[in-house]
>>> print(open('start.tsv').read())   # TSV, C-alpha atoms
chain	number	residue	atom	x	y	z
D	5	MET	CA	-14.43	-2.47	26.88
D	6	LYS	CA	-15.47	-1.45	23.36
D	7	LEU	CA	-14.11	-2.70	20.04
D	8	MET	CA	-14.70	-1.10	16.64
D	9	CYS	CA	-14.64	-3.91	14.11
D	10	THR	CA	-16.32	-5.77	11.30
D	11	VAL	CA	-18.69	-8.53	12.41
D	12	GLU	CA	-20.34	-11.39	10.57
D	13	VAL	CA	-22.99	-13.41	12.43
D	14	ASN	CA	-23.67	-16.95	11.24
D	15	ASN	CA	-26.54	-19.12	12.48
D	16	ARG	CA	-25.33	-22.72	12.65
D	17	LEU	CA	-28.86	-24.12	12.40
D	18	CYS	CA	-29.67	-22.41	9.11
D	19	GLU	CA	-29.79	-24.83	6.20
D	20	GLY	CA	-26.57	-24.54	4.26
D	21	ASN	CA	-25.22	-22.30	7.03
D	22	ILE	CA	-26.23	-19.10	5.24
D	23	LYS	CA	-23.72	-16.34	5.85
D	24	ARG	CA	-24.72	-12.76	6.51
D	25	LYS	CA	-22.81	-9.86	5.02
D	26	PRO	CA	-20.11	-8.49	7.39
D	27	LYS	CA	-21.04	-5.12	8.90
D	28	LYS	CA	-19.14	-2.34	10.59
D	29	SER	CA	-19.93	-2.81	14.25
D	30	CYS	CA	-19.17	-1.88	17.83
D	31	LEU	CA	-18.77	-4.70	20.35
D	32	SER	CA	-19.02	-4.08	24.10
D	33	ILE	CA	-18.40	-6.50	26.96
D	34	GLY	CA	-20.09	-5.85	30.29
D	35	LYS	CA	-22.81	-6.47	32.83
D	36	LEU	CA	-26.29	-4.99	32.62
D	37	LYS	CA	-26.03	-4.03	36.28
D	38	SER	CA	-23.02	-3.91	38.56
D	39	THR	CA	-24.92	-6.06	41.07
D	40	GLU	CA	-25.43	-8.86	38.55
D	41	ASN	CA	-22.90	-11.56	37.71
D	42	ASP	CA	-23.98	-12.41	34.16
D	43	LEU	CA	-21.66	-11.15	31.44
D	44	TYR	CA	-23.09	-9.89	28.13
D	45	LEU	CA	-21.83	-9.00	24.69
D	46	LEU	CA	-23.52	-6.01	23.03
D	47	LEU	CA	-23.37	-5.88	19.22
D	48	GLN	CA	-24.28	-2.53	17.65
D	49	THR	CA	-24.39	-1.57	13.98
D	50	MET	CA	-25.55	1.53	12.12
D	51	GLU	CA	-28.72	-0.37	11.16
D	52	ASN	CA	-29.34	-1.45	14.76
D	53	LYS	CA	-28.00	1.24	17.08
D	54	GLN	CA	-29.81	-0.19	20.11
D	55	GLY	CA	-27.89	-3.38	19.58
D	56	ILE	CA	-28.30	-7.09	20.25
D	57	LYS	CA	-27.30	-8.50	23.65
D	58	TYR	CA	-25.74	-11.95	23.82
D	59	LYS	CA	-25.34	-13.65	27.17
D	60	LEU	CA	-21.76	-14.88	27.62
D	61	SER	CA	-21.83	-16.38	31.13
D	62	ASP	CA	-21.99	-20.18	30.77
D	63	ASN	CA	-22.93	-19.66	27.13
D	64	ILE	CA	-19.60	-19.70	25.27
D	65	GLU	CA	-18.90	-22.99	23.58
D	66	ILE	CA	-15.45	-22.00	22.29
D	67	VAL	CA	-13.45	-18.95	21.25
D	68	PHE	CA	-11.35	-19.42	18.11
D	69	THR	CA	-8.15	-17.34	18.37
D	70	LYS	CA	-5.87	-19.17	15.93
D	71	CYS	CA	-5.87	-16.17	13.54
D	72	ILE	CA	-5.86	-13.43	16.19
D	73	ASN	CA	-2.46	-12.18	14.97
D	74	GLU	CA	-4.20	-11.46	11.66
D	75	GLY	CA	-6.95	-9.54	13.46
D	76	LYS	CA	-9.54	-12.35	13.31
D	77	MET	CA	-11.43	-14.12	16.10
D	78	THR	CA	-14.67	-16.11	16.38
D	79	ILE	CA	-16.93	-16.50	19.43
D	80	ARG	CA	-19.16	-19.59	19.25
D	81	LEU	CA	-22.25	-19.32	21.43
D	82	LYS	CA	-24.47	-22.14	22.68
D	83	GLN	CA	-27.75	-20.18	22.64
D	84	PRO	CA	-28.60	-18.80	20.23
D	85	PRO	CA	-26.41	-21.08	18.07
D	86	HIS	CA	-24.50	-18.19	16.53
D	87	ASP	CA	-20.90	-17.86	15.43
D	88	ILE	CA	-19.74	-14.24	15.80
D	89	LEU	CA	-16.87	-13.66	13.39
D	90	ILE	CA	-14.84	-10.60	14.35
D	91	LYS	CA	-12.28	-8.79	12.21
D	92	SER	CA	-10.36	-5.87	13.69
D	93	ASP	CA	-6.96	-4.40	14.41
D	94	ALA	CA	-4.86	-7.25	15.85
D	95	ILE	CA	-3.61	-5.31	18.88
D	96	GLN	CA	-7.07	-4.05	19.86
D	97	LEU	CA	-8.57	-7.49	19.25
D	98	LYS	CA	-6.04	-9.11	21.59
D	99	SER	CA	-6.97	-6.60	24.31
D	100	PHE	CA	-10.63	-7.34	23.72
D	101	ALA	CA	-10.01	-11.09	23.98
D	102	HIS	CA	-8.04	-10.58	27.20
D	103	VAL	CA	-10.85	-8.58	28.79
D	104	LEU	CA	-13.33	-11.23	27.63
D	105	LYS	CA	-11.28	-13.94	29.33
D	106	LEU	CA	-10.86	-12.01	32.59
D	107	GLY	CA	-14.51	-10.95	32.68
D	108	HIS	CA	-15.70	-14.48	32.03
D	109	SER	CA	-13.61	-15.74	34.97
D	110	ASN	CA	-14.85	-12.91	37.27
D	111	LYS	CA	-11.37	-11.44	37.65
D	112	LEU	CA	-12.35	-7.88	36.75
D	113	ASP	CA	-13.98	-5.26	38.94
D	114	ALA	CA	-17.71	-4.86	38.26
D	115	SER	CA	-17.31	-1.14	37.54
D	116	VAL	CA	-14.90	-1.94	34.72
D	117	LEU	CA	-17.53	-4.10	33.02
D	118	SER	CA	-20.46	-1.75	33.52
D	119	MET	CA	-22.26	-1.66	30.18
D	120	THR	CA	-23.47	1.69	28.86
D	121	GLU	CA	-25.45	1.89	25.65
D	122	LEU	CA	-23.76	3.90	22.92
D	123	LYS	CA	-25.62	6.94	21.63
D	124	ALA	CA	-26.39	6.92	17.93
D	125	LYS	CA	-24.21	9.96	17.24
D	126	ASN	CA	-21.23	8.51	19.04
D	127	LEU	CA	-21.66	5.20	17.26
D	128	GLN	CA	-21.70	6.94	13.90
D	129	ASP	CA	-18.46	8.75	14.72
D	130	ALA	CA	-16.88	5.58	16.07
D	131	LEU	CA	-17.58	3.65	12.89
D	132	LYS	CA	-16.27	6.40	10.65
D	133	THR	CA	-13.60	5.07	8.30
D	134	LYS	CA	-13.00	8.17	6.15
D	135	MET	CA	-11.50	11.39	7.49
D	136	VAL	CA	-11.00	14.65	5.60
D	137	VAL	CA	-9.21	17.55	7.28
D	138	LYS	CA	-10.05	20.70	5.32
D	139	SER	CA	-8.09	23.31	7.25
D	140	ALA	CA	-5.09	23.64	9.52
D	141	ALA	CA	-7.42	24.79	12.31
D	142	GLY	CA	-9.36	21.54	12.08
D	143	TYR	CA	-6.26	19.34	12.34
D	144	PRO	CA	-6.61	16.83	15.24
D	145	VAL	CA	-3.41	17.75	17.05
D	146	LEU	CA	-4.47	16.60	20.52
D	147	GLU	CA	-7.02	13.86	19.88
D	148	GLY	CA	-5.17	12.26	16.96
D	149	PHE	CA	-6.72	10.21	14.18
D	150	PRO	CA	-9.38	7.52	14.70
D	151	ARG	CA	-7.56	4.19	14.81
D	152	LYS	CA	-10.08	2.57	12.44
D	153	VAL	CA	-9.74	5.17	9.69
D	154	MET	CA	-9.18	3.62	6.27
D	155	GLU	CA	-9.11	6.77	4.13
D	156	LEU	CA	-7.25	9.90	5.28
D	157	HIS	CA	-7.12	13.19	3.36
D	158	LEU	CA	-4.73	15.88	4.62
D	159	ALA	CA	-4.44	17.93	1.42
D	160	GLY	CA	-3.64	21.63	1.19
D	161	LEU	CA	-2.75	22.17	4.86
D	162	GLU	CA	0.76	23.62	4.31
D	163	ARG	CA	2.27	20.91	6.48
D	164	LYS	CA	6.05	20.90	6.42
D	165	SER	CA	6.61	17.42	7.81
D	166	PHE	CA	5.00	14.00	7.90
D	167	ASP	CA	2.83	13.34	10.96
D	168	ARG	CA	4.13	10.11	12.53
D	169	ASN	CA	0.73	9.51	14.15
D	170	ILE	CA	-0.31	8.27	10.70
D	171	LEU	CA	1.95	5.27	11.23
D	172	LYS	CA	-0.44	4.02	13.93
D	173	LEU	CA	-3.29	3.61	11.44
D	174	GLN	CA	-3.01	-0.09	10.69
D	175	ASN	CA	-6.23	-0.12	8.62
D	176	LEU	CA	-5.23	2.80	6.39
D	177	ARG	CA	-5.76	2.11	2.70
D	178	ILE	CA	-5.80	5.58	1.10
D	179	LEU	CA	-3.51	8.42	2.17
D	180	ASN	CA	-3.71	11.83	0.50
D	181	LEU	CA	-0.97	14.29	1.50
D	182	SER	CA	-1.10	16.39	-1.67
D	183	ASN	CA	-0.50	20.14	-1.82
D	184	ASN	CA	1.68	20.45	1.30
D	185	CYS	CA	5.33	21.29	1.91
D	186	ILE	CA	6.61	17.82	2.86
D	187	ASN	CA	10.20	17.10	1.79
D	188	SER	CA	10.63	13.49	2.96
D	189	LEU	CA	8.67	10.46	4.14
D	190	PRO	CA	9.66	8.10	6.99
D	191	LYS	CA	10.89	4.57	6.35
D	192	ASP	CA	8.10	3.13	8.53
D	193	LEU	CA	5.47	4.38	6.08
D	194	GLY	CA	6.37	1.31	4.04
D	195	ASN	CA	5.33	-0.94	6.92
D	196	LEU	CA	1.66	0.08	6.92
D	197	PRO	CA	0.08	-3.31	6.16
D	198	ASN	CA	-2.91	-2.17	4.07
D	199	LEU	CA	-1.82	1.01	2.27
D	200	GLN	CA	-2.98	0.83	-1.36
D	201	GLU	CA	-3.03	4.46	-2.56
D	202	LEU	CA	-0.52	7.18	-1.73
D	203	ASN	CA	-0.84	10.72	-3.09
D	204	VAL	CA	2.09	13.02	-2.28
D	205	SER	CA	1.75	15.29	-5.31
D	206	GLN	CA	2.48	19.02	-5.03
D	207	ASN	CA	5.03	18.73	-2.24
D	208	GLN	CA	8.78	19.35	-2.05
D	209	LEU	CA	10.17	15.85	-2.42
D	210	HIS	CA	12.91	17.15	-4.73
D	211	LYS	CA	14.67	18.13	-1.49
D	212	CYS	CA	14.65	14.53	-0.29
D	213	PRO	CA	18.14	12.92	-0.45
D	214	LYS	CA	18.52	9.51	-2.09
D	215	THR	CA	18.99	7.85	1.29
D	216	LYS	CA	15.52	8.98	2.45
D	217	TRP	CA	13.50	7.00	-0.10
D	218	THR	CA	13.79	3.78	1.93
D	219	TRP	CA	10.01	3.70	2.55
D	220	MET	CA	9.74	2.29	-0.99
D	221	ASP	CA	12.02	-0.58	0.02
D	222	GLN	CA	9.63	-2.15	2.52
D	223	LEU	CA	8.02	-5.50	1.74
D	224	LYS	CA	4.44	-4.65	2.79
D	225	LEU	CA	4.28	-1.56	0.62
D	226	GLY	CA	5.74	-3.45	-2.33
D	227	ARG	CA	2.99	-6.03	-2.05
D	228	ASN	CA	0.02	-3.70	-1.49
D	229	LEU	CA	0.55	-0.28	-3.06
D	230	LYS	CA	-1.56	0.10	-6.21
D	231	LEU	CA	-1.40	3.87	-6.84
D	232	LEU	CA	1.47	6.30	-6.34
D	233	ASP	CA	1.23	9.98	-7.25
D	234	LEU	CA	4.53	11.90	-7.23
D	235	SER	CA	3.39	14.67	-9.58
D	236	SER	CA	4.51	18.30	-9.14
D	237	ASN	CA	7.47	17.68	-6.85
D	238	GLU	CA	10.21	19.18	-9.06
D	239	LEU	CA	11.87	15.75	-9.22
D	240	THR	CA	14.90	15.53	-11.50
D	241	GLU	CA	15.06	11.72	-11.31
D	242	VAL	CA	12.87	8.81	-10.33
D	243	PRO	CA	13.98	7.15	-7.06
D	244	ASP	CA	15.80	3.84	-7.63
D	245	PRO	CA	13.74	1.83	-5.07
D	246	ILE	CA	10.61	2.27	-7.20
D	247	ILE	CA	11.47	-1.13	-8.66
D	248	LYS	CA	10.31	-2.67	-5.36
D	249	LEU	CA	6.71	-1.49	-5.89
D	250	ARG	CA	5.78	-4.52	-7.99
D	251	SER	CA	2.01	-4.19	-7.38
D	252	LEU	CA	1.71	-0.65	-8.79
D	253	VAL	CA	-1.17	-0.26	-11.22
D	254	THR	CA	-1.09	3.55	-11.51
D	255	LEU	CA	2.05	5.72	-11.46
D	256	ARG	CA	1.83	9.50	-11.86
D	257	LEU	CA	5.04	11.44	-12.42
D	258	SER	CA	3.70	14.43	-14.35
D	259	THR	CA	4.82	18.05	-13.97
D	260	ASN	CA	8.34	17.35	-12.74
D	261	LEU	CA	11.81	18.04	-14.17
D	262	LEU	CA	12.60	14.51	-15.31
D	263	GLN	CA	15.04	14.16	-18.20
D	264	SER	CA	14.99	10.36	-18.22
D	265	LEU	CA	13.13	7.41	-16.73
D	266	PRO	CA	14.77	4.35	-15.16
D	267	GLN	CA	14.87	1.11	-17.13
D	268	SER	CA	13.50	-0.58	-13.99
D	269	LEU	CA	9.99	0.72	-14.86
D	270	GLY	CA	9.72	-2.21	-17.20
D	271	CYS	CA	9.84	-4.56	-14.20
D	272	LEU	CA	6.55	-3.20	-12.80
D	273	ASP	CA	4.47	-5.98	-14.36
D	274	ALA	CA	1.14	-4.83	-12.91
D	275	LEU	CA	1.45	-1.25	-14.23
D	276	LYS	CA	-1.48	-0.16	-16.41
D	277	TYR	CA	-1.59	3.65	-16.13
D	278	LEU	CA	1.58	5.70	-16.56
D	279	ASP	CA	1.56	9.50	-16.64
D	280	VAL	CA	4.91	11.21	-17.34
D	281	SER	CA	3.50	14.30	-19.05
D	282	LYS	CA	4.95	17.80	-18.59
D	283	ASN	CA	8.59	16.78	-18.05
D	284	ASN	CA	11.82	17.19	-20.02
D	285	LEU	CA	12.01	13.66	-21.40
D	286	SER	CA	13.87	13.15	-24.68
D	287	LYS	CA	13.62	9.33	-24.70
D	288	LEU	CA	11.64	6.55	-23.06
D	289	PRO	CA	13.27	3.48	-21.47
D	290	GLY	CA	13.20	0.48	-23.79
D	291	SER	CA	12.17	-1.81	-20.93
D	292	ILE	CA	8.61	-0.43	-20.82
D	293	ARG	CA	8.02	-2.21	-24.11
D	294	ASN	CA	7.38	-5.24	-21.87
D	295	LEU	CA	4.36	-3.57	-20.30
D	296	ARG	CA	0.78	-3.80	-21.51
D	297	LEU	CA	-0.43	-0.35	-20.57
D	298	THR	CA	-4.04	0.74	-20.69
D	299	THR	CA	-3.14	4.45	-20.75
D	300	LEU	CA	0.19	6.19	-21.40
D	301	ASN	CA	0.45	9.97	-21.15
D	302	ILE	CA	3.72	11.46	-22.48
D	303	ALA	CA	2.33	14.86	-23.55
D	304	ASN	CA	4.45	18.02	-23.28
D	305	ASN	CA	7.95	16.56	-23.35
D	306	ASN	CA	11.02	17.14	-25.55
D	307	PHE	CA	11.13	14.02	-27.72
D	308	LEU	CA	13.44	14.42	-30.73
D	309	MET	CA	14.15	11.81	-33.39
D	310	SER	CA	17.84	10.90	-33.42
D	311	GLU	CA	20.28	8.64	-35.20
D	312	ASN	CA	20.44	5.02	-34.12
D	313	ILE	CA	23.81	4.90	-32.37
D	314	ILE	CA	24.82	1.47	-31.15
D	315	SER	CA	27.27	0.94	-28.29
D	316	VAL	CA	28.55	-2.45	-27.17
D	317	ARG	CA	30.01	-3.26	-23.76
D	318	PHE	CA	31.18	-6.69	-22.65
D	319	LYS	CA	33.10	-7.32	-19.45
D	320	LEU	CA	33.92	-10.36	-17.37
D	321	PRO	CA	31.64	-10.46	-14.31
D	322	ASN	CA	33.15	-9.57	-10.95
D	323	LEU	CA	32.07	-10.92	-7.56
D	324	VAL	CA	29.52	-8.14	-7.03
D	325	GLU	CA	27.85	-8.95	-10.34
D	326	ILE	CA	27.78	-12.68	-9.57
D	327	ALA	CA	26.15	-11.94	-6.20
D	328	ALA	CA	23.63	-9.59	-7.88
D	329	LYS	CA	22.66	-12.31	-10.37
D	330	VAL	CA	22.06	-14.78	-7.52
D	331	VAL	CA	19.80	-12.28	-5.70
D	332	TYR	CA	17.92	-11.41	-8.87
D	333	GLN	CA	17.41	-15.03	-9.93
D	334	ALA	CA	16.13	-15.93	-6.45
D	335	ARG	CA	13.51	-13.14	-6.82
D	336	ILE	CA	13.66	-12.34	-3.12
D	337	HIS	CA	12.74	-9.04	-1.52
D	338	PHE	CA	15.97	-7.33	-0.48
D	339	ASN	CA	17.16	-4.20	1.26
D	340	ALA	CA	20.23	-3.06	3.17
D	341	SER	CA	19.14	-5.02	6.26
D	342	ILE	CA	19.33	-8.32	4.33
D	343	ILE	CA	22.25	-7.88	1.90
D	344	PRO	CA	25.19	-5.40	1.89
D	345	ALA	CA	24.29	-1.81	1.03
D	346	THR	CA	26.84	-1.78	-1.82
D	347	LEU	CA	25.06	-4.75	-3.41
D	348	VAL	CA	21.67	-3.05	-3.00
D	349	LYS	CA	23.01	0.04	-4.77
D	350	TYR	CA	24.52	-2.08	-7.54
D	351	ILE	CA	21.23	-3.92	-8.18
D	352	ASN	CA	19.13	-0.75	-8.01
D	353	ASN	CA	21.36	0.90	-10.63
D	354	THR	CA	21.13	-2.05	-13.01
D	355	GLN	CA	19.77	-1.50	-16.49
D	356	PHE	CA	17.22	-3.93	-17.93
D	357	CYS	CA	16.99	-5.57	-21.30
D	358	VAL	CA	13.87	-5.25	-23.42
D	359	CYS	CA	13.30	-8.95	-22.67
D	360	GLY	CA	13.17	-8.18	-18.93
D	361	ASN	CA	16.52	-9.63	-17.89
D	362	PRO	CA	19.06	-7.43	-16.08
D	363	CYS	CA	22.06	-6.06	-17.97
D	364	PHE	CA	24.88	-5.80	-15.46
D	365	SER	CA	28.35	-5.11	-16.92
D	366	SER	CA	27.67	-6.46	-20.42
D	367	TYR	CA	25.07	-5.15	-22.85
D	368	ILE	CA	24.29	-3.68	-26.24
D	369	ARG	CA	22.70	-0.23	-26.17
D	370	SER	CA	20.91	1.55	-28.99
D	371	THR	CA	18.20	4.12	-29.65
D	372	VAL	CA	15.15	2.84	-31.51
D	373	ASP	CA	12.23	4.95	-32.78
D	374	LEU	CA	8.95	3.11	-32.20
D	375	THR	CA	5.22	3.75	-32.43
D	376	LEU	CA	3.49	3.99	-29.06
D	377	ASP	CA	0.39	1.97	-29.89
D	378	ARG	CA	2.48	-1.21	-29.85
D	379	PHE	CA	2.28	-1.46	-26.05
D	380	ALA	CA	-0.42	1.02	-24.91
D	381	ALA	CA	-4.14	0.85	-25.69
D	382	SER	CA	-4.59	4.60	-25.23
D	383	VAL	CA	-1.84	7.18	-25.78
D	384	ILE	CA	-1.79	10.91	-25.02
D	385	ALA	CA	1.25	12.20	-26.86
D	386	SER	CA	0.82	15.83	-28.06
D	387	GLY	CA	1.01	14.78	-31.68
D	388	TYR	CA	3.97	12.41	-31.40
D	389	SER	CA	3.52	9.28	-33.53
D	390	TYR	CA	7.08	7.97	-33.08
D	391	VAL	CA	9.15	8.28	-29.92
D	392	PRO	CA	12.82	7.36	-29.36
D	393	PHE	CA	13.44	4.50	-26.93
D	394	ASP	CA	16.72	4.05	-25.10
D	395	CYS	CA	17.10	0.26	-25.31
D	396	TYR	CA	19.48	-2.11	-23.54
D	397	PHE	CA	19.96	-5.67	-24.82
D	398	CYS	CA	21.44	-8.44	-22.71
D	399	SER	CA	22.61	-10.46	-25.70
D	400	THR	CA	23.06	-10.42	-29.45
D	401	PRO	CA	19.91	-12.57	-30.02
D	402	CYS	CA	17.84	-10.04	-28.02
D	403	HIS	CA	19.28	-7.21	-30.07
D	404	ARG	CA	18.32	-8.95	-33.32
D	405	ARG	CA	14.83	-9.76	-32.07
D	406	TYR	CA	13.82	-6.47	-30.42
D	407	SER	CA	15.80	-3.75	-32.22
D	408	GLY	CA	13.10	-3.16	-34.83
>>> encode(input="start.tsv", output="structure tokens")
Amino acid sequence: MKLMCTVEVNNRLCEGNIKRKPKKSCLSIGKLKSTENDLYLLLQTMENKQGIKYKLSDNIEIVFTKCINEGKMTIRLKQPPHDILIKSDAIQLKSFAHVLKLGHSNKLDASVLSMTELKAKNLQDALKTKMVVKSAAGYPVLEGFPRKVMELHLAGLERKSFDRNILKLQNLRILNLSNNCINSLPKDLGNLPNLQELNVSQNQLHKCPKTKWTWMDQLKLGRNLKLLDLSSNELTEVPDPIIKLRSLVTLRLSTNLLQSLPQSLGCLDALKYLDVSKNNLSKLPGSIRNLRLTTLNIANNNFLMSENIISVRFKLPNLVEIAAKVVYQARIHFNASIIPATLVKYINNTQFCVCGNPCFSSYIRSTVDLTLDRFAASVIASGYSYVPFDCYFCSTPCHRRYSG
């Protein structure tokens, strides 16, 4: 039984219990010889390919499995007085712990626990966390992707669909699917627990219907995704569920066919880098005035100064609006599995005031020409010094305060 993981070894007798830096490792459980009864743990790293053998038989003080569902486990040995802290995929770690328990109680066949030393080359491949497929011929159709891969690049392979084997990569942090022919992404993509960067530029996502953007709705993706690149997809509008990606730091929407941006962009509090260059934008949403951007790129658009036309709309709230206010004020993560789909659609289509509050059925709307350096440290604007902002105001006081 072998486990690819990250291991930290702590010596309990060291003064101050000095911790060593965690290292990518391979753990093996087995017996040195099939005729022997003693069980050993072999720890191999790239620095020590021959490995260190720890005797387990009558030498385990305790195994800490309280956090095993999070992919963490600690084996405390008697001699040497080491704590072996293991971090790995939760499912594989549970299997490893099960084999450890059975082997320690002599309930496994000796041949199953026969220990074979890993060759250096195999160890290097096993600990590989970055994978780049450069051609369609080199695509791992039969063998699949290494389960421990953290960075996967499948760019320029002319793939027409998303490979669902990617959904098995629980450690995946960076996924590059750029320059393919993909027209939709599966809902389960949003359930990858560690995905931080997603590049799907130069695909055909303009063919994706509105109902197929549900991968943005998932809680794990909303918490973890830091970079999203949707450039060069011929998009005519930004998907409504983008409001759920509250951890986004970088958003790239360049080289599309966008004529407007959603007011919900102003709700992405963590956003620092926004690229909407090479589109057909005539205005920017007033809500992004709330953001403190490091870089804003609006070059090559169709911004035209226009008259400040004010429209006022006030209506008594209906039951749907009252329910939407309750959901919004509770600041809970929602999708169609939690609240009715009609309510999800209503909330996703809501406009937002410059102050950040939602404008449901009542608002004041006006176009305001503003300088860009008021909310972005660096601006790439093709010579534009003033840009029109399409602003919604939730109340008369907000209109007085933010209209200039």
>>> residues_around(input="start.tsv", residues="Gln83 in chain D", least_positions_apart="6", cutoff="9 Å", atoms="only C-alpha atoms", output="list in words")
Tyr58, Lys59, Asn63 and Ile64 of chain D
>>> residues_around(input="start.tsv", residues="range 329-345 of chain D", least_positions_apart="3", cutoff="10 Å", atoms="only C-alpha atoms", output="NGL selection string")
:D and (218 or 221-223 or 226 or 245 or 248 or 321 or 323-326 or 348-351 or 361-364)
>>> closest_residue(input="start.tsv", among="D:Val137, D:Met8, D:Leu45, D:Lys132", to="Ser92 in chain D", atoms="all atoms listed in the file")
D:Met8
>>> closest_residue(input="start.tsv", among="D:Leu320, D:Leu189, D:Gly290, D:Leu376", to="Tyr406 in chain D", atoms="all atoms listed in the file")
D:Gly290
>>> atom_distance(input="start.tsv", atom1="CA of Lys6 in chain D", atom2="CA of Arg168 in chain D")
25.2 Å
>>> atom_distance(input="start.tsv", atom1="CA of Ser29 in chain D", atom2="CA of Thr49 in chain D")
4.6 Å
>>> closest_residue(input="start.tsv", among="D:Cys402, D:Val316, D:Ile56, D:Leu202", to="Val358 in chain D", atoms="all atoms listed in the file")
D:Cys402
>>> closest_residue(input="start.tsv", among="D:Leu181, D:Met154, D:Leu43, D:Leu295", to="Gly360 in chain D", atoms="only C-alpha atoms")
D:Leu295
>>> atom_distance(input="start.tsv", atom1="CA of Asp192 in chain D", atom2="CA of Trp219 in chain D")
6.3 Å
>>> residues_around(input="start.tsv", residues="Ala303 in chain D", least_positions_apart="6", cutoff="6 Å", atoms="all atoms listed in the file", output="list in words")
Ser281, Ile384, Ala385 and Ser386 of chain D
>>> axis_aligned_box(input="start.tsv", around="range 278-295 of chain D", padding_each_side="3 Å", output="lines of an AutoDock Vina configuration file")
center_x = 7.7
center_y = 6.3
center_z = -20.6
size_x = 18.3
size_y = 29.0
size_z = 14.1
